[in-house]
Amino acid sequence: MIAFDEALVTAYSPDPAGGPDRVVRLLGPVTLRLAEHRVAVVGANGSGKSTLARLVNGLVLASSGTVTVDGLDAARDGAQVRRRVGFVFSDPDAQLVMPTPVEDVGLSLRRTGLPAAQRDAAARRVLDRFGLGERADVPVHALSGGQRQLLALATVLATDPAVLVCDEPTTLLDLHWRTVVDGLLAGLEQQVVIVTHDLEAALRADRVLVVEDGRVVADDEPAPAVAYYRTLMAERVAATARPVAP
Amino acid sequence: MSRRPGGAGPLRPGWAGPLGLYRPGGSAVHRASAGVKLVTLVLGAVAAVVLPGLPAALALLTAAVAVHLLARLAWRRTLRDLVVVLVTSAVLGAYQWWARGPVRAAEVVADLVALVLLATVVTSTTRSDALLDVVARVVRPLRRVGVRPESVTFAIALLLRSVPVLLGLAVQAREAARARGLERDPRAVVVPAAVRMVGHARATAEALAARGLGDEAP
């Protein structure tokens, strides 16, 4: 169970007039209980949905209020929370830090305390499970974008987290790899929180949150929440659309 | 990825850096422990410093070539990985020839190429995590002065991994400048490349934190 209690995220922002920095609200206050198997978070760029996701494993800390995962406070028990919550980003290049896939999965498995040989064998089993067994020893930079995202997922799921948070995991992928990654996420036993612009993926979730201007403005079953988001975006486009000057 | 000279033919991976990545194999060098290989590399560096003269430098280069042969690594791949080092050595050798004569130039170039070749053999025959285990053991005493061994090993891993990524960002910046007709303006290449590299560094730091790699061991 992921619980947000009056979680508020603020930041300092420079004053254009040259005065002291101002405090701006990025997100919240948010109060939610997320127990569904698959939760989708949708919203425009800069709306605060990634901040919401980052609160779950303590990558962003609430300025006030709390965020807990199975009773563990993301701010106070950050290390324990990160062991329970895996996080996958849009860009696998930022996430993969070792030269080859087997070494990167092995890096994730270091926390298990296994000896090197057993760790290597375990990493290869993980890669086999994700269909990357034959690419275990090739340089990561020689993998395709889709294979790299699949590897990023493998490195996170290797430690069997209870919760997986994905921040736009398919944004950089073509249709083939998007289908592969979506299918993989759909088959996971873990609770999955997915931040996405893919409304088809959002419709397959059990619950959808719509974030706008740092607030959760809709929290519903997929169909009505996505319909609300479409209307919201249509209104925004109508309000801002201007003919492009020749 | 880049296309072969001549335009036709399959794409090949871009240059990955001066030190070769691991190449699987079953040679005696592959089977040797990472610690032994690193100690050998250090001894080679010490020998290059304390044993002056061209004969010693040529002996070191011969030993490096022998180790490469023993490792049964493909010369073509090794030479491709070392192309920048070889060019640098040629420039350095030319300067040394001009400043201190041909014998000294040959000695400097032989020492440099021998050490880089040895280092390439080490990284090509040893998995990075095995190297990192050795580094972690070596720097463990530094924990007493507040240095976390895990941080040192991660820094080295990131260094190895970042070379092709940063090269890719630089190539993208150059192509973007060319697309806008600004290829002759260095600012149009350097500034976006630098900004993207800083952005990549920040994203990597965030991803490491998300994987719990900066957290204390359980």
# chains A, B, ... in the order shown; residues from 1 in each chain; ligands from 1
call {"tool": "closest_atom_pairs", "arguments": {"of": "chain A", "to": "chain B", "cutoff": "8 Å", "atoms": "only C-alpha atoms", "output": "Markdown table"}}
result
| residue | atom | partner | partner_atom | distance |
| --- | --- | --- | --- | --- |
| A:Asn57 | CA | B:Ala210 | CA | 7.1 |
| A:Leu59 | CA | B:Ala210 | CA | 6.5 |
| A:Ala79 | CA | B:Asp215 | CA | 5.7 |
| A:Arg82 | CA | B:Gly212 | CA | 5.7 |
| A:Arg83 | CA | B:Gly212 | CA | 6.8 |
| A:Gly86 | CA | B:Arg211 | CA | 6.8 |
| A:Phe87 | CA | B:Ala210 | CA | 5.9 |
| A:Phe89 | CA | B:Ala207 | CA | 7.5 |
| A:Asp93 | CA | B:Val165 | CA | 7.4 |
| A:Ala94 | CA | B:Thr204 | CA | 4.4 |
| A:Gln95 | CA | B:Ala207 | CA | 5.1 |
| A:Val97 | CA | B:Leu158 | CA | 5.5 |
| A:Met98 | CA | B:Arg161 | CA | 5.6 |
| A:Pro99 | CA | B:Arg161 | CA | 5.2 |
| A:Glu103 | CA | B:Asp129 | CA | 6.2 |
| A:Gly106 | CA | B:Asp129 | CA | 7.7 |
| A:Leu107 | CA | B:Asp129 | CA | 7.5 |
| A:Ser108 | CA | B:Arg211 | CA | 7.4 |
| A:Arg111 | CA | B:Ala217 | CA | 6.4 |
| A:Ala116 | CA | B:Ala130 | CA | 7.7 |
| A:Asp137 | CA | B:Pro24 | CA | 7.3 |
| A:Pro139 | CA | B:Leu21 | CA | 7.1 |
| A:His141 | CA | B:Pro164 | CA | 6.9 |
| A:Ala142 | CA | B:Pro13 | CA | 6.1 |
| A:Val156 | CA | B:Arg211 | CA | 7.0 |
call {"tool": "residues_around", "arguments": {"residues": "Leu203 of chain A", "least_positions_apart": "2", "cutoff": "7 Å", "atoms": "only C-alpha atoms", "output": "PyMOL selection string"}}
result
chain A and resi 199-201+205+222-223
call {"tool": "write_last_selection", "arguments": {"atoms": "C-alpha atoms", "output": "compact mmCIF listing (two decimals), in the first residue's frame"}}
result
# COMPACT_ATOMS: atom_id res chain seq x y z
CA LEU A 199 -3.66 6.76 -23.01
CA GLU A 200 -4.20 3.23 -24.37
CA ALA A 201 -1.84 1.96 -21.66
CA ALA A 205 -4.80 0.14 -15.64
CA PRO A 222 -9.66 4.34 -16.37
CA ALA A 223 -12.47 5.22 -18.81
call {"tool": "select_by_dssp", "arguments": {"residues": "segment 19-232 of chain A", "states": "helix (DSSP H, G or I)", "output": "ChimeraX atom specification"}}
result
/A:49-56,78-84,92-95,101-112,116-129,133-135,140-142,145-157,175-186,199-203,222-232
call {"tool": "write_last_selection", "arguments": {"atoms": "C-alpha atoms", "output": "PDB file, in the first residue's frame"}}
result
ATOM      1  CA  LYS A  49       3.173  13.636 -12.440  1.00  0.00           C
ATOM      2  CA  SER A  50       6.871  12.693 -12.413  1.00  0.00           C
ATOM      3  CA  THR A  51       7.279  14.468  -9.071  1.00  0.00           C
ATOM      4  CA  LEU A  52       4.390  12.371  -7.757  1.00  0.00           C
ATOM      5  CA  ALA A  53       6.131   9.195  -8.948  1.00  0.00           C
ATOM      6  CA  ARG A  54       9.492  10.230  -7.480  1.00  0.00           C
ATOM      7  CA  LEU A  55       7.907  10.747  -4.070  1.00  0.00           C
ATOM      8  CA  VAL A  56       7.166   7.023  -3.878  1.00  0.00           C
ATOM      9  CA  GLY A  78      14.626   5.858   2.316  1.00  0.00           C
ATOM     10  CA  ALA A  79      17.029   2.924   1.887  1.00  0.00           C
ATOM     11  CA  GLN A  80      14.412   0.361   2.971  1.00  0.00           C
ATOM     12  CA  VAL A  81      11.792   1.963   0.743  1.00  0.00           C
ATOM     13  CA  ARG A  82      14.129   1.831  -2.265  1.00  0.00           C
ATOM     14  CA  ARG A  83      14.614  -1.881  -1.652  1.00  0.00           C
ATOM     15  CA  ARG A  84      10.843  -2.318  -1.894  1.00  0.00           C
ATOM     16  CA  PRO A  92      17.761   3.669 -20.130  1.00  0.00           C
ATOM     17  CA  ASP A  93      21.143   5.229 -20.943  1.00  0.00           C
ATOM     18  CA  ALA A  94      20.988   7.126 -17.670  1.00  0.00           C
ATOM     19  CA  GLN A  95      20.047   4.002 -15.771  1.00  0.00           C
ATOM     20  CA  PRO A 101      24.080  -6.406 -19.476  1.00  0.00           C
ATOM     21  CA  VAL A 102      25.259  -9.259 -17.259  1.00  0.00           C
ATOM     22  CA  GLU A 103      27.407  -6.870 -15.253  1.00  0.00           C
ATOM     23  CA  ASP A 104      24.615  -4.334 -14.855  1.00  0.00           C
ATOM     24  CA  VAL A 105      22.164  -6.924 -13.553  1.00  0.00           C
ATOM     25  CA  GLY A 106      25.008  -8.221 -11.355  1.00  0.00           C
ATOM     26  CA  LEU A 107      25.403  -4.719  -9.942  1.00  0.00           C
ATOM     27  CA  SER A 108      21.756  -4.750  -8.853  1.00  0.00           C
ATOM     28  CA  LEU A 109      22.320  -8.149  -7.227  1.00  0.00           C
ATOM     29  CA  ARG A 110      25.287  -6.946  -5.156  1.00  0.00           C
ATOM     30  CA  ARG A 111      22.960  -6.060  -2.325  1.00  0.00           C
ATOM     31  CA  THR A 112      22.006  -9.759  -2.056  1.00  0.00           C
ATOM     32  CA  ALA A 116      30.623 -13.246  -7.586  1.00  0.00           C
ATOM     33  CA  ALA A 117      30.150 -16.594  -9.399  1.00  0.00           C
ATOM     34  CA  GLN A 118      26.621 -17.112  -8.036  1.00  0.00           C
ATOM     35  CA  ARG A 119      25.805 -13.479  -8.748  1.00  0.00           C
ATOM     36  CA  ASP A 120      26.906 -13.929 -12.358  1.00  0.00           C
ATOM     37  CA  ALA A 121      24.780 -17.074 -12.726  1.00  0.00           C
ATOM     38  CA  ALA A 122      21.770 -15.335 -11.174  1.00  0.00           C
ATOM     39  CA  ALA A 123      22.231 -12.348 -13.506  1.00  0.00           C
ATOM     40  CA  ARG A 124      22.259 -14.659 -16.529  1.00  0.00           C
ATOM     41  CA  ARG A 125      19.039 -16.332 -15.348  1.00  0.00           C
ATOM     42  CA  VAL A 126      17.412 -12.907 -15.058  1.00  0.00           C
ATOM     43  CA  LEU A 127      18.545 -11.975 -18.576  1.00  0.00           C
ATOM     44  CA  ASP A 128      17.241 -15.289 -19.932  1.00  0.00           C
ATOM     45  CA  ARG A 129      13.867 -14.528 -18.353  1.00  0.00           C
ATOM     46  CA  GLY A 133      20.338 -14.118 -22.500  1.00  0.00           C
ATOM     47  CA  GLU A 134      22.140 -14.118 -25.849  1.00  0.00           C
ATOM     48  CA  ARG A 135      23.051 -10.451 -25.418  1.00  0.00           C
ATOM     49  CA  VAL A 140      25.290  -2.049 -23.585  1.00  0.00           C
ATOM     50  CA  HIS A 141      25.799   0.699 -26.180  1.00  0.00           C
ATOM     51  CA  ALA A 142      25.458  -1.936 -28.927  1.00  0.00           C
ATOM     52  CA  GLY A 145      16.838   1.260 -27.586  1.00  0.00           C
ATOM     53  CA  GLY A 146      14.140  -1.310 -26.890  1.00  0.00           C
ATOM     54  CA  GLN A 147      16.634  -3.886 -25.649  1.00  0.00           C
ATOM     55  CA  ARG A 148      18.177  -1.252 -23.391  1.00  0.00           C
ATOM     56  CA  GLN A 149      14.802  -0.412 -21.865  1.00  0.00           C
ATOM     57  CA  LEU A 150      14.121  -4.114 -21.401  1.00  0.00           C
ATOM     58  CA  LEU A 151      17.512  -4.399 -19.704  1.00  0.00           C
ATOM     59  CA  ALA A 152      16.713  -1.422 -17.470  1.00  0.00           C
ATOM     60  CA  LEU A 153      13.560  -3.246 -16.406  1.00  0.00           C
ATOM     61  CA  ALA A 154      15.566  -6.430 -15.821  1.00  0.00           C
ATOM     62  CA  THR A 155      18.096  -4.626 -13.614  1.00  0.00           C
ATOM     63  CA  VAL A 156      15.282  -3.262 -11.468  1.00  0.00           C
ATOM     64  CA  LEU A 157      13.182  -6.445 -11.319  1.00  0.00           C
ATOM     65  CA  LEU A 175       5.693   0.321 -31.630  1.00  0.00           C
ATOM     66  CA  HIS A 176       7.334  -3.114 -31.461  1.00  0.00           C
ATOM     67  CA  TRP A 177       9.259  -2.442 -28.265  1.00  0.00           C
ATOM     68  CA  ARG A 178       6.400  -0.464 -26.736  1.00  0.00           C
ATOM     69  CA  THR A 179       4.210  -3.549 -27.182  1.00  0.00           C
ATOM     70  CA  VAL A 180       6.913  -5.778 -25.683  1.00  0.00           C
ATOM     71  CA  VAL A 181       7.452  -3.529 -22.645  1.00  0.00           C
ATOM     72  CA  ASP A 182       3.706  -2.963 -22.136  1.00  0.00           C
ATOM     73  CA  GLY A 183       3.128  -6.727 -22.254  1.00  0.00           C
ATOM     74  CA  LEU A 184       5.895  -7.323 -19.765  1.00  0.00           C
ATOM     75  CA  LEU A 185       4.553  -4.715 -17.360  1.00  0.00           C
ATOM     76  CA  ALA A 186       1.041  -6.164 -17.684  1.00  0.00           C
ATOM     77  CA  LEU A 199      -3.659   6.758 -23.014  1.00  0.00           C
ATOM     78  CA  GLU A 200      -4.196   3.230 -24.373  1.00  0.00           C
ATOM     79  CA  ALA A 201      -1.838   1.964 -21.655  1.00  0.00           C
ATOM     80  CA  ALA A 202      -3.645   4.089 -19.075  1.00  0.00           C
ATOM     81  CA  LEU A 203      -6.965   2.522 -20.089  1.00  0.00           C
ATOM     82  CA  PRO A 222      -9.658   4.342 -16.367  1.00  0.00           C
ATOM     83  CA  ALA A 223     -12.469   5.216 -18.806  1.00  0.00           C
ATOM     84  CA  PRO A 224     -13.899   8.271 -17.015  1.00  0.00           C
ATOM     85  CA  ALA A 225     -10.458   9.501 -15.908  1.00  0.00           C
ATOM     86  CA  VAL A 226      -9.000   9.305 -19.424  1.00  0.00           C
ATOM     87  CA  ALA A 227     -12.132  10.947 -20.865  1.00  0.00           C
ATOM     88  CA  TYR A 228     -11.725  13.784 -18.341  1.00  0.00           C
ATOM     89  CA  TYR A 229      -8.052  14.171 -19.318  1.00  0.00           C
ATOM     90  CA  ARG A 230      -8.924  14.309 -23.030  1.00  0.00           C
ATOM     91  CA  THR A 231     -11.460  17.059 -22.345  1.00  0.00           C
ATOM     92  CA  LEU A 232      -8.967  18.958 -20.188  1.00  0.00           C
TER      93      LEU A 232
END
call {"tool": "atom_distance", "arguments": {"atom1": "atom CA of Val121 of chain B", "atom2": "atom CA of Ala64 of chain B"}}
result
8.5 Å
call {"tool": "residues_around", "arguments": {"residues": "segment 34-36 of chain A", "least_positions_apart": "5", "cutoff": "8 Å", "atoms": "only C-alpha atoms", "output": "PyMOL selection string"}}
result
chain A and resi 1-3+191+206-207
call {"tool": "atom_distance", "arguments": {"atom1": "atom CA of Val147 of chain B", "atom2": "atom CA of Leu132 of chain B"}}
result
15.5 Å
call {"tool": "atom_distance", "arguments": {"atom1": "atom CA of Val116 of chain B", "atom2": "atom CA of Val85 of chain B"}}
result
7.9 Å
call {"tool": "closest_residue", "arguments": {"among": "B:Leu61, B:Ala47, B:Pro55, B:Leu70", "to": "Gly26 of chain B", "atoms": "only C-alpha atoms"}}
result
B:Leu70
call {"tool": "residues_around", "arguments": {"residues": "Gly93 of chain B", "least_positions_apart": "5", "cutoff": "7 Å", "atoms": "only C-alpha atoms", "output": "list in words"}}
result
Ala105, Ala106, Val108 and Val109 of chain B
call {"tool": "write_last_selection", "arguments": {"atoms": "N, CA and C atoms", "output": "mmCIF file, in the first residue's frame"}}
result
data_model
loop_
_atom_site.group_PDB
_atom_site.id
_atom_site.type_symbol
_atom_site.label_atom_id
_atom_site.label_comp_id
_atom_site.auth_asym_id
_atom_site.auth_seq_id
_atom_site.Cartn_x
_atom_site.Cartn_y
_atom_site.Cartn_z
ATOM 1 N N ALA B 105 62.562 9.286 -28.375
ATOM 2 C CA ALA B 105 61.208 9.243 -28.930
ATOM 3 C C ALA B 105 60.703 7.798 -28.995
ATOM 4 N N ALA B 106 61.561 6.898 -29.474
ATOM 5 C CA ALA B 106 61.149 5.494 -29.581
ATOM 6 C C ALA B 106 60.871 4.901 -28.191
ATOM 7 N N VAL B 108 59.826 6.531 -25.438
ATOM 8 C CA VAL B 108 58.568 7.072 -24.891
ATOM 9 C C VAL B 108 57.362 6.409 -25.562
ATOM 10 N N VAL B 109 57.410 6.317 -26.884
ATOM 11 C CA VAL B 109 56.282 5.723 -27.615
ATOM 12 C C VAL B 109 56.120 4.246 -27.243
#
call {"tool": "select_by_dssp", "arguments": {"residues": "chain B", "states": "strand (DSSP E or B)", "output": "PyMOL selection string"}}
result
chain B and resi 2-3+11-12
call {"tool": "write_last_selection", "arguments": {"atoms": "C-alpha atoms", "output": "short mmCIF file (atom, residue, chain, number, x, y, z; two decimals), in the first residue's frame"}}
result
data_model
loop_
_atom_site.label_atom_id
_atom_site.label_comp_id
_atom_site.auth_asym_id
_atom_site.auth_seq_id
_atom_site.Cartn_x
_atom_site.Cartn_y
_atom_site.Cartn_z
CA SER B 2 28.37 4.82 -38.01
CA ARG B 3 28.52 3.70 -41.61
CA LEU B 11 26.48 -0.31 -39.78
CA ARG B 12 29.04 -0.93 -37.11
#
call {"tool": "residues_around", "arguments": {"residues": "Val138 of chain B", "least_positions_apart": "2", "cutoff": "12 Å", "atoms": "only C-alpha atoms", "output": "list in words"}}
result
Gly35, Leu38, Val39, Leu131, Leu132, Asp133, Val134, Val135, Ala136, Arg140, Pro141, Leu142, Arg143, Arg148, Pro149, Glu150, Val152 and Thr153 of chain B
call {"tool": "residues_around", "arguments": {"residues": "Val163 of chain A", "least_positions_apart": "6", "cutoff": "6 Å", "atoms": "only C-alpha atoms", "output": "PyMOL selection string"}}
result
chain A and resi 85+190-192
call {"tool": "write_last_selection", "arguments": {"atoms": "N, CA and C atoms", "output": "PDB file, in the first residue's frame"}}
result
ATOM      1  N   VAL A  85      10.814  -0.572  -3.588  1.00  0.00           N
ATOM      2  CA  VAL A  85      10.246   0.126  -4.754  1.00  0.00           C
ATOM      3  C   VAL A  85      11.301   0.244  -5.859  1.00  0.00           C
ATOM      4  N   GLN A 190       4.048  -7.664  -9.350  1.00  0.00           N
ATOM      5  CA  GLN A 190       4.229  -6.483  -8.507  1.00  0.00           C
ATOM      6  C   GLN A 190       3.134  -5.440  -8.737  1.00  0.00           C
ATOM      7  N   GLN A 191       2.943  -4.609  -7.734  1.00  0.00           N
ATOM      8  CA  GLN A 191       2.128  -3.420  -7.954  1.00  0.00           C
ATOM      9  C   GLN A 191       2.907  -2.493  -8.882  1.00  0.00           C
ATOM     10  N   VAL A 192       2.240  -1.956  -9.901  1.00  0.00           N
ATOM     11  CA  VAL A 192       2.922  -1.108 -10.889  1.00  0.00           C
ATOM     12  C   VAL A 192       2.254   0.266 -10.910  1.00  0.00           C
TER      13      VAL A 192
END
call {"tool": "residues_around", "arguments": {"residues": "Ala179 of chain B", "least_positions_apart": "5", "cutoff": "12 Å", "atoms": "only C-alpha atoms", "output": "VMD selection string"}}
result
chain B and resid 172 to 174 184 188 to 189
call {"tool": "write_last_selection", "arguments": {"atoms": "C-alpha atoms", "output": "compact mmCIF listing (two decimals), in the first residue's frame"}}
result
# COMPACT_ATOMS: atom_id res chain seq x y z
CA GLN B 172 24.21 14.32 -31.81
CA ALA B 173 25.14 17.94 -31.00
CA ARG B 174 27.39 18.10 -34.07
CA ARG B 184 31.38 26.13 -38.44
CA ALA B 188 26.60 25.52 -31.64
CA VAL B 189 28.33 22.22 -30.92
call {"tool": "decode", "arguments": {"residues": "segment 121-133 of chain B", "atoms": "N, CA and C atoms", "output": "compact mmCIF listing (two decimals), in the first residue's frame"}}
result
# COMPACT_ATOMS: atom_id res chain seq x y z
N VAL B 121 44.35 -5.26 -22.63
CA VAL B 121 44.23 -6.70 -22.41
C VAL B 121 43.52 -6.97 -21.08
N VAL B 122 43.85 -6.20 -20.06
CA VAL B 122 43.21 -6.40 -18.74
C VAL B 122 41.71 -6.16 -18.85
N THR B 123 41.30 -5.03 -19.45
CA THR B 123 39.86 -4.74 -19.51
C THR B 123 39.14 -5.64 -20.51
N SER B 124 39.87 -6.17 -21.49
CA SER B 124 39.22 -7.03 -22.48
C SER B 124 39.04 -8.47 -21.98
N THR B 125 39.82 -8.85 -20.97
CA THR B 125 39.76 -10.23 -20.49
C THR B 125 39.17 -10.34 -19.08
N THR B 126 38.74 -9.21 -18.53
CA THR B 126 38.23 -9.21 -17.16
C THR B 126 36.90 -8.49 -17.11
N ARG B 127 35.93 -9.11 -16.51
CA ARG B 127 34.63 -8.45 -16.36
C ARG B 127 34.79 -7.24 -15.46
N SER B 128 33.99 -6.19 -15.75
CA SER B 128 34.10 -4.98 -14.96
C SER B 128 33.80 -5.23 -13.50
N ASP B 129 32.82 -6.12 -13.22
CA ASP B 129 32.48 -6.31 -11.81
C ASP B 129 33.61 -7.03 -11.06
N ALA B 130 34.39 -7.87 -11.78
CA ALA B 130 35.55 -8.49 -11.13
C ALA B 130 36.62 -7.44 -10.83
N LEU B 131 36.81 -6.51 -11.78
CA LEU B 131 37.75 -5.42 -11.54
C LEU B 131 37.30 -4.56 -10.36
N LEU B 132 35.98 -4.32 -10.33
CA LEU B 132 35.45 -3.47 -9.27
C LEU B 132 35.59 -4.14 -7.91
N ASP B 133 35.46 -5.47 -7.88
CA ASP B 133 35.67 -6.17 -6.60
C ASP B 133 37.07 -5.94 -6.09
